[in-house]
Each structure stands twice: as structure tokens, then as C-alpha cells.
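Enquirer: As input, take entry.csv (CSV, C-alpha atoms):
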chain,number,residue,atom,x,y,z
E,1,MET,CA,40.3,-26.1,20.6
E,2,SER,CA,43.0,-25.9,18.0
E,3,GLU,CA,42.1,-26.0,14.3
E,4,ILE,CA,44.2,-26.8,11.3
E,5,LYS,CA,43.0,-25.5,7.9
E,6,THR,CA,44.3,-27.2,4.8
E,7,ASP,CA,42.9,-28.4,1.4
E,8,LYS,CA,44.6,-31.7,1.3
E,9,LEU,CA,45.9,-34.4,3.7
E,10,THR,CA,48.7,-36.7,2.8
E,11,GLY,CA,50.5,-39.4,4.8
E,12,THR,CA,54.3,-38.8,5.2
E,13,SER,CA,55.3,-42.5,5.3
E,14,THR,CA,52.6,-43.7,2.8
E,15,ALA,CA,50.8,-40.9,0.9
E,16,GLY,CA,47.5,-42.7,0.9
E,17,SER,CA,47.5,-43.9,4.5
E,18,ILE,CA,46.7,-41.8,7.6
E,19,LEU,CA,45.8,-43.0,11.0
E,20,VAL,CA,43.3,-41.2,13.2
E,21,THR,CA,42.7,-41.9,16.8
E,22,GLY,CA,39.4,-43.5,17.6
E,23,GLU,CA,36.7,-42.0,19.8
E,24,GLY,CA,37.6,-44.1,22.8
E,25,ASN,CA,41.2,-42.7,22.6
E,26,SER,CA,42.7,-46.2,22.8
E,27,THR,CA,42.9,-47.4,19.2
E,28,THR,CA,43.5,-45.9,15.8
E,29,THR,CA,41.7,-46.4,12.5
E,30,ASN,CA,42.8,-45.8,8.9
E,31,LEU,CA,41.2,-42.7,7.6
E,32,GLN,CA,41.3,-43.6,3.9
E,33,GLN,CA,39.8,-47.1,4.5
E,34,GLY,CA,36.8,-45.6,6.3
E,35,LEU,CA,35.9,-43.0,3.8
E,36,ALA,CA,33.2,-43.7,1.2
E,37,LYS,CA,34.8,-43.6,-2.3
E,38,GLN,CA,31.6,-43.2,-4.2
E,39,TRP,CA,27.9,-42.6,-3.4
E,40,SER,CA,24.8,-41.9,-5.4
E,41,TYR,CA,21.1,-41.3,-5.1
E,42,VAL,CA,19.2,-42.5,-8.2
E,43,ASN,CA,15.6,-42.1,-9.3
E,44,ASP,CA,15.0,-45.2,-11.3
E,45,THR,CA,11.3,-44.6,-11.9
E,46,GLY,CA,10.2,-43.2,-15.3
E,47,THR,CA,13.1,-41.5,-17.0
E,48,SER,CA,15.8,-42.6,-14.5
E,49,ALA,CA,18.4,-40.0,-13.4
E,50,ILE,CA,21.0,-39.4,-10.8
E,51,ILE,CA,19.6,-37.0,-8.2
E,52,ASP,CA,22.9,-36.5,-6.3
E,53,SER,CA,26.2,-38.2,-6.3
E,54,PHE,CA,30.0,-38.2,-5.6
E,55,ASN,CA,32.6,-39.8,-7.8
E,56,THR,CA,29.9,-41.0,-10.2
E,57,THR,CA,29.9,-40.5,-14.0
E,58,SER,CA,26.5,-41.9,-14.8
E,59,TRP,CA,23.7,-44.3,-14.2
E,60,THR,CA,22.7,-46.8,-16.8
E,61,ASP,CA,19.1,-48.1,-16.8
E,62,ASN,CA,19.3,-51.7,-17.7
E,63,GLY,CA,15.6,-52.4,-17.6
E,64,THR,CA,13.0,-52.8,-14.9
E,65,GLY,CA,14.4,-52.7,-11.4
E,66,ASN,CA,18.1,-52.8,-12.3
E,67,GLY,CA,20.8,-50.5,-13.5
E,68,THR,CA,24.5,-49.8,-13.4
E,69,VAL,CA,26.4,-47.2,-11.4
E,70,ASN,CA,29.5,-46.0,-13.3
E,71,ILE,CA,32.3,-44.8,-11.1
E,72,ALA,CA,34.4,-41.7,-12.2
E,73,SER,CA,37.7,-42.5,-10.5
E,74,ASN,CA,37.9,-46.3,-10.5
E,75,MET,CA,38.3,-48.5,-7.4
E,76,GLY,CA,41.7,-50.3,-7.1
E,77,ASN,CA,40.2,-53.8,-7.5
E,78,VAL,CA,36.9,-55.7,-7.7
E,79,THR,CA,36.8,-56.7,-4.0
E,80,TYR,CA,35.5,-53.5,-2.7
E,81,ASN,CA,32.4,-53.1,-0.4
E,82,ILE,CA,29.0,-52.1,-1.9
E,83,SER,CA,26.1,-50.9,0.2
E,84,VAL,CA,22.7,-50.4,-1.4
E,85,SER,CA,19.3,-49.6,0.0
E,86,THR,CA,16.0,-48.7,-1.6
E,87,ASN,CA,12.6,-47.2,-0.8
E,88,ALA,CA,9.5,-48.9,0.4
E,89,ASP,CA,5.9,-48.6,-0.9
E,90,ASN,CA,2.8,-48.8,1.3
E,91,ASP,CA,1.0,-51.5,-0.7
E,92,GLY,CA,1.6,-54.2,1.8
E,93,ARG,CA,4.4,-55.9,-0.2
E,94,ASN,CA,8.0,-55.9,1.0
E,95,ARG,CA,10.9,-54.7,-1.2
E,96,THR,CA,14.6,-55.4,-1.0
E,97,CYS,CA,17.6,-54.7,-3.2
E,98,GLY,CA,21.1,-56.0,-3.8
E,99,VAL,CA,24.1,-56.2,-6.1
E,100,PHE,CA,22.8,-57.8,-9.3
E,101,THR,CA,24.4,-60.6,-11.2
E,102,GLY,CA,21.3,-61.7,-13.2
E,103,THR,CA,21.2,-63.4,-16.5
E,104,ASN,CA,21.7,-60.2,-18.4
E,105,GLY,CA,24.0,-58.7,-15.7
E,106,THR,CA,27.7,-58.7,-15.2
E,107,THR,CA,29.8,-58.9,-12.1
E,108,SER,CA,31.2,-55.7,-10.6
E,109,THR,CA,34.3,-54.3,-12.0
E,110,ALA,CA,36.6,-51.6,-10.7
E,111,GLY,CA,34.7,-49.0,-12.7
E,112,LEU,CA,31.1,-50.1,-12.2
E,113,TYR,CA,28.6,-52.1,-10.2
E,114,ARG,CA,25.1,-53.2,-11.0
E,115,ILE,CA,22.2,-53.1,-8.5
E,116,SER,CA,18.6,-54.2,-8.5
E,117,ARG,CA,15.4,-53.8,-6.6
E,118,TRP,CA,12.6,-56.3,-6.3
E,119,ILE,CA,9.4,-57.3,-4.6
E,120,ILE,CA,10.2,-60.1,-2.2
E,121,THR,CA,6.8,-61.8,-2.2
E,122,ALA,CA,6.4,-61.7,-6.0
E,123,ASN,CA,10.1,-62.2,-6.6
E,124,SER,CA,9.9,-59.7,-9.5
E,125,LEU,CA,12.1,-56.7,-10.3
E,126,GLU,CA,10.5,-53.3,-9.9
E,127,ASP,CA,11.7,-49.7,-10.5
E,128,GLY,CA,12.3,-47.5,-7.5
E,129,TYR,CA,15.0,-45.3,-5.8
E,130,PHE,CA,18.5,-46.5,-5.1
E,131,TYR,CA,20.9,-45.2,-2.4
E,132,SER,CA,24.4,-46.8,-2.7
E,133,ASN,CA,28.0,-46.3,-1.8
E,134,THR,CA,31.3,-48.0,-1.9
E,135,LEU,CA,34.2,-48.5,0.5
E,136,GLY,CA,37.6,-49.9,-0.4
E,137,ASP,CA,40.8,-48.9,-2.2
E,138,LEU,CA,40.8,-46.3,-5.0
E,139,ALA,CA,43.0,-47.1,-8.0
K,1,MET,CA,46.3,-25.5,-2.5
K,2,SER,CA,48.0,-26.3,0.9
K,3,THR,CA,48.9,-29.9,1.8
K,4,LEU,CA,49.2,-31.2,5.4
K,5,LYS,CA,51.4,-34.3,5.6
K,6,ALA,CA,51.1,-36.6,8.7
K,7,ASP,CA,50.9,-40.3,9.5
K,8,THR,CA,48.6,-40.0,12.5
K,9,ILE,CA,46.0,-37.3,13.4
K,10,GLN,CA,44.9,-36.7,17.0
K,11,SER,CA,43.3,-33.9,18.9
K,12,THR,CA,45.6,-31.8,21.0
K,13,ALA,CA,44.5,-33.8,24.0
K,14,GLY,CA,45.6,-37.0,22.3
K,15,GLY,CA,42.1,-38.2,21.4
K,16,ALA,CA,40.0,-38.3,18.3
K,17,ALA,CA,40.2,-35.2,16.1
K,18,THR,CA,37.0,-33.8,14.7
K,19,LEU,CA,36.6,-34.3,11.0
K,20,THR,CA,34.1,-31.6,10.2
K,21,LYS,CA,30.8,-33.1,9.1
K,22,GLN,CA,32.4,-36.3,8.1
K,23,SER,CA,32.1,-39.8,9.5
K,24,ALA,CA,34.5,-42.6,8.4
K,25,ALA,CA,33.3,-46.3,8.4
K,26,LYS,CA,35.0,-48.3,11.1
K,27,VAL,CA,34.4,-51.8,9.6
K,28,TRP,CA,33.7,-53.1,6.1
K,29,LEU,CA,33.6,-56.5,4.6
K,30,ASN,CA,33.2,-58.1,1.2
K,31,TYR,CA,32.4,-61.8,1.8
K,32,LYS,CA,31.7,-64.8,-0.3
K,33,GLN,CA,29.2,-66.6,1.9
K,34,GLN,CA,28.8,-69.8,-0.2
K,35,THR,CA,32.5,-70.6,-0.2
K,36,PRO,CA,32.9,-69.1,2.5
K,37,ALA,CA,35.8,-66.7,2.0
K,38,VAL,CA,36.6,-63.1,2.8
K,39,ARG,CA,37.4,-61.3,-0.4
K,40,ASP,CA,38.4,-58.0,1.2
K,41,SER,CA,37.9,-56.3,4.5
K,42,PHE,CA,38.8,-53.5,6.9
K,43,ASN,CA,39.1,-53.9,10.7
K,44,VAL,CA,37.8,-57.5,10.5
K,45,SER,CA,39.7,-60.2,12.4
K,46,GLY,CA,37.6,-63.1,11.1
K,47,VAL,CA,34.2,-64.2,10.0
K,48,THR,CA,32.3,-67.1,11.6
K,49,ASP,CA,30.0,-69.2,9.3
K,50,THR,CA,27.4,-69.8,12.0
K,51,ALA,CA,24.8,-71.7,9.9
K,52,THR,CA,23.2,-71.8,6.5
K,53,GLY,CA,22.5,-68.2,5.5
K,54,LYS,CA,24.2,-66.8,8.7
K,55,TYR,CA,27.6,-65.3,9.3
K,56,ALA,CA,29.2,-63.1,11.9
K,57,PRO,CA,32.1,-60.7,11.3
K,58,ALA,CA,34.3,-60.1,14.3
K,59,TYR,CA,36.2,-56.8,14.6
K,60,THR,CA,39.9,-56.3,15.2
K,61,ASN,CA,39.4,-53.1,17.1
K,62,ASN,CA,36.0,-53.2,18.9
K,63,MET,CA,33.4,-50.6,18.7
K,64,ASN,CA,32.8,-48.5,21.9
K,65,ASN,CA,29.4,-50.1,22.5
K,66,ALA,CA,26.6,-51.9,20.7
K,67,LEU,CA,24.8,-48.7,19.7
K,68,TYR,CA,26.5,-48.3,16.3
K,69,SER,CA,25.0,-48.5,12.8
K,70,ALA,CA,25.3,-51.6,10.8
K,71,THR,CA,24.2,-52.2,7.2
K,72,CYS,CA,24.4,-55.4,5.1
K,73,ASN,CA,23.2,-56.6,1.7
K,74,SER,CA,23.9,-59.4,-0.7
K,75,ILE,CA,23.5,-60.7,-4.2
K,76,GLY,CA,20.0,-62.1,-4.8
K,77,TYR,CA,18.9,-62.4,-1.2
K,78,HIS,CA,17.4,-60.2,1.6
K,79,ASN,CA,20.2,-59.7,4.2
K,80,HIS,CA,19.5,-58.3,7.6
K,81,ILE,CA,20.8,-58.3,11.2
K,82,GLU,CA,19.8,-61.6,12.7
K,83,ASN,CA,16.7,-61.7,14.8
K,84,ALA,CA,17.9,-63.7,17.8
K,85,SER,CA,15.6,-66.6,18.5
K,86,GLY,CA,12.6,-65.2,20.4
K,87,ALA,CA,14.7,-62.6,22.1
K,88,SER,CA,15.5,-59.1,21.4
K,89,SER,CA,17.3,-58.7,18.1
K,90,GLU,CA,19.6,-56.2,19.8
K,91,ALA,CA,21.4,-59.2,21.2
K,92,SER,CA,22.8,-59.9,17.6
K,93,MET,CA,24.9,-56.8,17.8
K,94,THR,CA,27.8,-56.5,20.2
K,95,SER,CA,30.8,-54.2,20.4
K,96,GLY,CA,32.9,-57.0,18.9
K,97,ASP,CA,30.8,-58.6,16.2
K,98,CYS,CA,27.4,-58.7,14.5
K,99,ASP,CA,25.2,-61.6,13.5
K,100,ILE,CA,23.9,-61.4,9.9
K,101,GLN,CA,21.2,-63.5,8.3
K,102,GLY,CA,20.2,-63.9,4.6
K,103,ASN,CA,16.8,-65.1,3.4
K,104,ASP,CA,15.7,-66.1,-0.1
K,105,SER,CA,12.4,-65.2,-1.7
K,106,GLY,CA,10.7,-68.0,0.2
K,107,ASN,CA,11.9,-66.5,3.5
K,108,THR,CA,14.3,-69.5,4.0
K,109,THR,CA,17.8,-68.8,5.3
K,110,ALA,CA,20.3,-69.2,2.4
K,111,ASP,CA,23.9,-68.5,1.6
K,112,SER,CA,24.5,-65.7,-1.0
K,113,ALA,CA,27.3,-65.7,-3.5
K,114,LEU,CA,28.5,-62.3,-2.2
K,115,THR,CA,27.5,-60.2,0.8
K,116,CYS,CA,28.8,-56.8,2.0
K,117,PHE,CA,28.7,-55.4,5.6
K,118,VAL,CA,29.5,-51.9,6.9
K,119,ALA,CA,29.6,-50.4,10.5
K,120,HIS,CA,29.6,-46.8,11.5
K,121,GLY,CA,30.0,-45.5,15.0
K,122,ASP,CA,32.5,-44.9,17.8
K,123,LEU,CA,35.6,-47.1,18.3
K,124,ALA,CA,36.5,-48.3,21.7
What is this structure when it is put down as C-alpha cells?

Expert:
Amino acid sequence: MSEIKTDKLTGTSTAGSILVTGEGNSTTTNLQQGLAKQWSYVNDTGTSAIIDSFNTTSWTDNGTGNGTVNIASNMGNVTYNISVSTNADNDGRNRTCGVFTGTNGTTSTAGLYRISRWIITANSLEDGYFYSNTLGDLA
Amino acid sequence: MSTLKADTIQSTAGGAATLTKQSAAKVWLNYKQQTPAVRDSFNVSGVTDTATGKYAPAYTNNMNNALYSATCNSIGYHNHIENASGASSEASMTSGDCDIQGNDSGNTTADSALTCFVAHGDLA
């Protein structure tokens, strides 16, 4: 197996666009479009804090069950993809999470997105852990 | 720092090159379900609005099989891979598309203002 060692990959035609051959050897996929541009693991219980992250400046605790992820190097627009998941508790109640646009919330911008966690059956916000990432164009 | 410039990267055999300990997403979608309208996407040929609360993104380049990982979420609602009526929910995922369903707090299917979908796995 041959191996190339380098610190940086750049497209020759377009600097930010490199194709890689897919696993089935018949199609190609864009490398940059498939890479997560930001990810974070946040403990939003008690004194909330980022446990680990990439391309993330900070976490803002906006109140019970919701907060803002602040991105270090901004996305190129507001139409990027946000994935978020949360932890479960063994008290018989189901939890879920999502991108938050509540009454005291704001829509996502290129530099931040707000996420929330709530108890489905009670329809009430609750603190917990957040695991999130973004895909899309960097600025 | 060295820089390698290339437009396409393959293995020496012409197949997929190994990206050490990295996995790139093969599909992603940002979708306004209530409109409905695709805001932005990657490797998505189209989205079918199958019913209230339900949609199905189709892939431009298919996955290699139906064994890939798919995640979805939305504003305000609980989004999940659709549980096909009475049958195995695995039927909701194929190599070419995935059926998604959103439920509100009353467990009723409902369209969300914004949903996101991601797929990881092997391309065909």
C-alpha cells in the first residue's frame, strides 16, 4: 500500500473542492462536503461546559434545556446542516432534542446555532448533555 | 507545512483511498418541511413530501447497501426514521433513499419548519 504524507490537501482546479472515489469504486464524492465543520460535546447540567469540541469558541447557557453553540470559523451561509442528539434518563420518560427557535431564541446564523432538549411527554425543557455537529460550506 | 494539490484522490488500485481515522458524510440535507423546500443539500437528487410529517430524500449517488447510518432531527418535533406500517422499520431505508417521520408532543405526525438529515456509510 502506498502512502502519501502531507499536512494539507488543496484542490488544483478549485482550492476548496477535492473529489475522492467512493467505496464501491464507481462514483466520487466531494471530500469537503462530507467533512464535519464543527462538533461539540456539552454538559448542560449544573454549571454547563464544553467537554470536547472542534471549531467551537464557546457554549452559551440560555436557560433550562437550551443553549447556543458558538462557531469559531463561521459557516458560509445559514443553510448548513445541524445534527444534534442528547442523553436519555431511566425514569420512564422519553427525551428528544432539536434546533431551537423558541420565544426567546433566534434562528441559526453562520456563526452560531441554538439547540434544546425536552421531555416529550411533559413537553417541557430539561437540562442534559448535547452532542452536535454541522455539515456545509465554511466561509 | 507541505501541501498536496489534487482534484481527485484515489487509491493506487483506482478505488477509495483510506482517510486515516476519518469518515466523510455521504449525504446531508437542510429541508423546510412545511413549505416544503430544500434549503441546501449534498448528494440529494430530490425530496418527496410523502405525507404530513413525512419526507424522503433520494440520493444522487446511491449508497452501497441499506446498512448505512442515518440521523435526522428538526425544530420543535421528534424526528426519526419512519416505522413502516406494521412491518420491519428497516424497510424505510434503502440504498437510494430514506423515509423520515416527525411527531409532535402529542405523538401526531407533523411538518416541522426545518429538518436536517445526514447519512454516513459506503457509496456504491

Enquirer: So that each row is one residue of chain E with an atom at most 7 Å from chain K, can you give its shortest atom pair and the distance in Å to one decimal, using all atoms listed in the file, rows by chain and rising number, as JSON lines?

Expert:
{"residue": "E:Thr6", "atom": "CA", "partner": "K:Ser2", "partner_atom": "CA", "distance": 5.5}
{"residue": "E:Asp7", "atom": "CA", "partner": "K:Ser2", "partner_atom": "CA", "distance": 5.5}
{"residue": "E:Lys8", "atom": "CA", "partner": "K:Thr3", "partner_atom": "CA", "distance": 4.7}
{"residue": "E:Leu9", "atom": "CA", "partner": "K:Leu4", "partner_atom": "CA", "distance": 4.9}
{"residue": "E:Thr10", "atom": "CA", "partner": "K:Lys5", "partner_atom": "CA", "distance": 4.6}
{"residue": "E:Gly11", "atom": "CA", "partner": "K:Asp7", "partner_atom": "CA", "distance": 4.8}
{"residue": "E:Thr12", "atom": "CA", "partner": "K:Ala6", "partner_atom": "CA", "distance": 5.2}
{"residue": "E:Ser13", "atom": "CA", "partner": "K:Asp7", "partner_atom": "CA", "distance": 6.5}
{"residue": "E:Ile18", "atom": "CA", "partner": "K:Asp7", "partner_atom": "CA", "distance": 4.8}
{"residue": "E:Leu19", "atom": "CA", "partner": "K:Thr8", "partner_atom": "CA", "distance": 4.4}
{"residue": "E:Val20", "atom": "CA", "partner": "K:Ile9", "partner_atom": "CA", "distance": 4.7}
{"residue": "E:Thr21", "atom": "CA", "partner": "K:Ala16", "partner_atom": "CA", "distance": 4.7}
{"residue": "E:Gly22", "atom": "CA", "partner": "K:Leu123", "partner_atom": "CA", "distance": 5.3}
{"residue": "E:Glu23", "atom": "CA", "partner": "K:Ala16", "partner_atom": "CA", "distance": 5.2}
{"residue": "E:Gly24", "atom": "CA", "partner": "K:Ala124", "partner_atom": "CA", "distance": 4.5}
{"residue": "E:Asn25", "atom": "CA", "partner": "K:Gly15", "partner_atom": "CA", "distance": 4.7}
{"residue": "E:Ser26", "atom": "CA", "partner": "K:Ala124", "partner_atom": "CA", "distance": 6.6}
{"residue": "E:Thr27", "atom": "CA", "partner": "K:Ala124", "partner_atom": "CA", "distance": 6.9}
{"residue": "E:Leu31", "atom": "CA", "partner": "K:Ala24", "partner_atom": "CA", "distance": 6.7}
{"residue": "E:Gln33", "atom": "CA", "partner": "K:Phe42", "partner_atom": "CA", "distance": 6.9}
{"residue": "E:Gly34", "atom": "CA", "partner": "K:Ala25", "partner_atom": "CA", "distance": 4.1}
{"residue": "E:Leu35", "atom": "CA", "partner": "K:Ala24", "partner_atom": "CA", "distance": 4.8}
{"residue": "E:Thr79", "atom": "CA", "partner": "K:Asp40", "partner_atom": "CA", "distance": 5.6}
{"residue": "E:Tyr80", "atom": "CA", "partner": "K:Asn30", "partner_atom": "CA", "distance": 6.5}
{"residue": "E:Asn81", "atom": "CA", "partner": "K:Asn30", "partner_atom": "CA", "distance": 5.3}
{"residue": "E:Ile82", "atom": "CA", "partner": "K:Cys116", "partner_atom": "CA", "distance": 6.1}
{"residue": "E:Ser83", "atom": "CA", "partner": "K:Asn73", "partner_atom": "CA", "distance": 6.6}
{"residue": "E:Val84", "atom": "CA", "partner": "K:Asn73", "partner_atom": "CA", "distance": 6.9}
{"residue": "E:Thr96", "atom": "CA", "partner": "K:His78", "partner_atom": "CA", "distance": 6.1}
{"residue": "E:Gly98", "atom": "CA", "partner": "K:Ile75", "partner_atom": "CA", "distance": 5.3}
{"residue": "E:Val99", "atom": "CA", "partner": "K:Ile75", "partner_atom": "CA", "distance": 4.9}
{"residue": "E:Phe100", "atom": "CA", "partner": "K:Ile75", "partner_atom": "CA", "distance": 5.9}
{"residue": "E:Ile120", "atom": "CA", "partner": "K:Ser105", "partner_atom": "CA", "distance": 5.6}
{"residue": "E:Thr121", "atom": "CA", "partner": "K:Ser105", "partner_atom": "CA", "distance": 6.6}
{"residue": "E:Asn123", "atom": "CA", "partner": "K:Ser105", "partner_atom": "CA", "distance": 6.2}

Enquirer: K:Thr50, K:Thr94, K:Thr109, K:Ser69: which is nearest K:Pro36, counting only C-alpha atoms?

Expert: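 With only C-alpha atoms as the atom set, the closest residue is K:Thr50.
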
Enquirer: For the atom pair atom CA of K:Ala51 and atom CA of K:Ala91, what is the interatomic distance in Å to one decimal place?

Expert: 17.2 Å

Enquirer: For atom CA of E:Arg93 and atom CA of K:Ala56, determine how far apart the two atoms are, in Å to one decimal place.

Expert: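 Separating atom CA of E:Arg93 from atom CA of K:Ala56 is a distance of 28.5 Å.
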
Enquirer: Which residue out of E:Thr68, E:Ser116, E:Asn30, E:Asn77 has the minimum interatomic distance to E:Ile50 when only C-alpha atoms are used?

Expert: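 Of all the options, E:Thr68 lies closest to E:Ile50.
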
Enquirer: Interatomic distance between atom CA of E:Ser53 and atom CA of E:Asn133?

Expert: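 Interatomic distance, atom CA of E:Ser53 to atom CA of E:Asn133: 9.4 Å.
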
Enquirer: List every protein, DNA or RNA residue that has at least one atom no more than 7 Å from (22.5, -66.6, 2.4) in the file's coordinates, counting all atoms listed in the file, and write the result as a VMD selection string.

Expert: chain K and resid 33 52 to 54 77 101 to 103 109 to 112

Enquirer: Fewer than 3 positions away in the same chain doesn't count, so skip those; otherwise give me all residues within 12 Å of E:Thr60, counting only C-alpha atoms, as a VMD selection string.

Expert: chain E and resid 42 to 44 47 to 50 56 to 57 63 to 71 112 to 116

Enquirer: Need to verify the contact set: E:Trp118, 6 Å, all atoms listed in the file, exclusion of same-chain residues closer than 4 positions in sequence. Can you return it as a list in words?

Expert: Arg95, Thr96, Ser124, Leu125 and Glu126 of chain E

Enquirer: So, counting only C-alpha atoms, which residue among K:Asp49, K:Thr20, K:Val44, K:Leu67 is closest to E:Thr29?

Expert: K:Val44

Enquirer: Env of K:Thr48: 8 Å cut, atoms = all atoms listed in the file, seq-sep filter 5 positions within chain, self excluded. Answer as a ChimeraX atom specification.

Expert: /K:55-58

Enquirer: What's around K:Ile81 at 8 Å? Count all atoms listed in the file, leave out sequence neighbours fewer than 3 positions away in its own chain, and write the answer as a PyMOL selection string.

Expert: chain K and resi 72+89+92-93+98-101

Enquirer: Give the centre and edge lengths of an axis-aligned box, in Å to one decimal, that holds all listed atoms of stretch 18-28 of chain E with 8 Å on each side, as JSON.

Expert:
{"center_x": 41.7, "center_y": -44.3, "center_z": 15.2, "size_x": 26.0, "size_y": 22.2, "size_z": 31.2}

Enquirer: What would stretch 75-101 of chain E look like with N, CA and C atoms restored, written as a PDB file, in the coordinates of the input?

Expert:
ATOM      1  N   MET E  75      37.813 -47.840  -8.615  1.00  0.00           N
ATOM      2  CA  MET E  75      38.300 -48.500  -7.400  1.00  0.00           C
ATOM      3  C   MET E  75      39.611 -49.271  -7.855  1.00  0.00           C
ATOM      4  N   GLY E  76      40.399 -49.704  -6.849  1.00  0.00           N
ATOM      5  CA  GLY E  76      41.700 -50.300  -7.100  1.00  0.00           C
ATOM      6  C   GLY E  76      41.576 -51.800  -7.488  1.00  0.00           C
ATOM      7  N   ASN E  77      40.405 -52.401  -7.247  1.00  0.00           N
ATOM      8  CA  ASN E  77      40.200 -53.800  -7.500  1.00  0.00           C
ATOM      9  C   ASN E  77      38.719 -54.098  -7.578  1.00  0.00           C
ATOM     10  N   VAL E  78      38.338 -55.381  -7.611  1.00  0.00           N
ATOM     11  CA  VAL E  78      36.900 -55.700  -7.700  1.00  0.00           C
ATOM     12  C   VAL E  78      36.380 -56.250  -6.357  1.00  0.00           C
ATOM     13  N   THR E  79      37.191 -56.177  -5.312  1.00  0.00           N
ATOM     14  CA  THR E  79      36.800 -56.700  -4.000  1.00  0.00           C
ATOM     15  C   THR E  79      36.314 -55.675  -3.054  1.00  0.00           C
ATOM     16  N   TYR E  80      35.910 -54.531  -3.551  1.00  0.00           N
ATOM     17  CA  TYR E  80      35.500 -53.500  -2.700  1.00  0.00           C
ATOM     18  C   TYR E  80      34.060 -53.745  -2.126  1.00  0.00           C
ATOM     19  N   ASN E  81      33.679 -52.978  -1.135  1.00  0.00           N
ATOM     20  CA  ASN E  81      32.400 -53.100  -0.400  1.00  0.00           C
ATOM     21  C   ASN E  81      31.343 -52.261  -1.104  1.00  0.00           C
ATOM     22  N   ILE E  82      30.168 -52.841  -1.356  1.00  0.00           N
ATOM     23  CA  ILE E  82      29.000 -52.100  -1.900  1.00  0.00           C
ATOM     24  C   ILE E  82      27.875 -52.140  -0.962  1.00  0.00           C
ATOM     25  N   SER E  83      27.356 -50.988  -0.598  1.00  0.00           N
ATOM     26  CA  SER E  83      26.100 -50.900   0.200  1.00  0.00           C
ATOM     27  C   SER E  83      25.040 -50.308  -0.654  1.00  0.00           C
ATOM     28  N   VAL E  84      23.859 -50.891  -0.607  1.00  0.00           N
ATOM     29  CA  VAL E  84      22.700 -50.400  -1.400  1.00  0.00           C
ATOM     30  C   VAL E  84      21.456 -50.513  -0.598  1.00  0.00           C
ATOM     31  N   SER E  85      20.609 -49.518  -0.645  1.00  0.00           N
ATOM     32  CA  SER E  85      19.300 -49.600   0.000  1.00  0.00           C
ATOM     33  C   SER E  85      18.278 -48.983  -1.000  1.00  0.00           C
ATOM     34  N   THR E  86      16.996 -49.215  -0.728  1.00  0.00           N
ATOM     35  CA  THR E  86      16.000 -48.700  -1.600  1.00  0.00           C
ATOM     36  C   THR E  86      14.774 -48.238  -0.829  1.00  0.00           C
ATOM     37  N   ASN E  87      13.801 -47.679  -1.516  1.00  0.00           N
ATOM     38  CA  ASN E  87      12.600 -47.200  -0.800  1.00  0.00           C
ATOM     39  C   ASN E  87      11.563 -48.236  -0.669  1.00  0.00           C
ATOM     40  N   ALA E  88      10.621 -47.994   0.216  1.00  0.00           N
ATOM     41  CA  ALA E  88       9.500 -48.900   0.400  1.00  0.00           C
ATOM     42  C   ALA E  88       8.239 -48.293  -0.202  1.00  0.00           C
ATOM     43  N   ASP E  89       7.251 -49.126  -0.437  1.00  0.00           N
ATOM     44  CA  ASP E  89       5.900 -48.600  -0.900  1.00  0.00           C
ATOM     45  C   ASP E  89       4.889 -49.166   0.100  1.00  0.00           C
ATOM     46  N   ASN E  90       3.813 -48.425   0.251  1.00  0.00           N
ATOM     47  CA  ASN E  90       2.800 -48.800   1.300  1.00  0.00           C
ATOM     48  C   ASN E  90       1.679 -49.611   0.692  1.00  0.00           C
ATOM     49  N   ASP E  91       2.022 -50.598  -0.138  1.00  0.00           N
ATOM     50  CA  ASP E  91       1.000 -51.500  -0.700  1.00  0.00           C
ATOM     51  C   ASP E  91       0.964 -52.841  -0.067  1.00  0.00           C
ATOM     52  N   GLY E  92       1.647 -52.983   1.073  1.00  0.00           N
ATOM     53  CA  GLY E  92       1.600 -54.200   1.800  1.00  0.00           C
ATOM     54  C   GLY E  92       2.616 -55.274   1.317  1.00  0.00           C
ATOM     55  N   ARG E  93       3.422 -54.906   0.319  1.00  0.00           N
ATOM     56  CA  ARG E  93       4.400 -55.900  -0.200  1.00  0.00           C
ATOM     57  C   ARG E  93       5.825 -55.354   0.184  1.00  0.00           C
ATOM     58  N   ASN E  94       6.688 -56.282   0.584  1.00  0.00           N
ATOM     59  CA  ASN E  94       8.000 -55.900   1.000  1.00  0.00           C
ATOM     60  C   ASN E  94       8.976 -55.849  -0.211  1.00  0.00           C
ATOM     61  N   ARG E  95       9.850 -54.849  -0.178  1.00  0.00           N
ATOM     62  CA  ARG E  95      10.900 -54.700  -1.200  1.00  0.00           C
ATOM     63  C   ARG E  95      12.254 -54.919  -0.602  1.00  0.00           C
ATOM     64  N   THR E  96      13.187 -55.317  -1.447  1.00  0.00           N
ATOM     65  CA  THR E  96      14.600 -55.400  -1.000  1.00  0.00           C
ATOM     66  C   THR E  96      15.431 -55.037  -2.254  1.00  0.00           C
ATOM     67  N   CYS E  97      16.723 -55.003  -2.054  1.00  0.00           N
ATOM     68  CA  CYS E  97      17.600 -54.700  -3.200  1.00  0.00           C
ATOM     69  C   CYS E  97      18.960 -55.335  -2.910  1.00  0.00           C
ATOM     70  N   GLY E  98      19.804 -55.359  -3.921  1.00  0.00           N
ATOM     71  CA  GLY E  98      21.100 -56.000  -3.800  1.00  0.00           C
ATOM     72  C   GLY E  98      21.963 -55.745  -4.990  1.00  0.00           C
ATOM     73  N   VAL E  99      23.169 -56.281  -4.929  1.00  0.00           N
ATOM     74  CA  VAL E  99      24.100 -56.200  -6.100  1.00  0.00           C
ATOM     75  C   VAL E  99      23.561 -57.291  -7.063  1.00  0.00           C
ATOM     76  N   PHE E 100      23.498 -56.935  -8.335  1.00  0.00           N
ATOM     77  CA  PHE E 100      22.800 -57.800  -9.300  1.00  0.00           C
ATOM     78  C   PHE E 100      23.814 -58.534 -10.180  1.00  0.00           C
ATOM     79  N   THR E 101      23.583 -59.829 -10.310  1.00  0.00           N
ATOM     80  CA  THR E 101      24.400 -60.600 -11.200  1.00  0.00           C
ATOM     81  C   THR E 101      23.434 -61.544 -12.012  1.00  0.00           C
TER      82      THR E 101
END
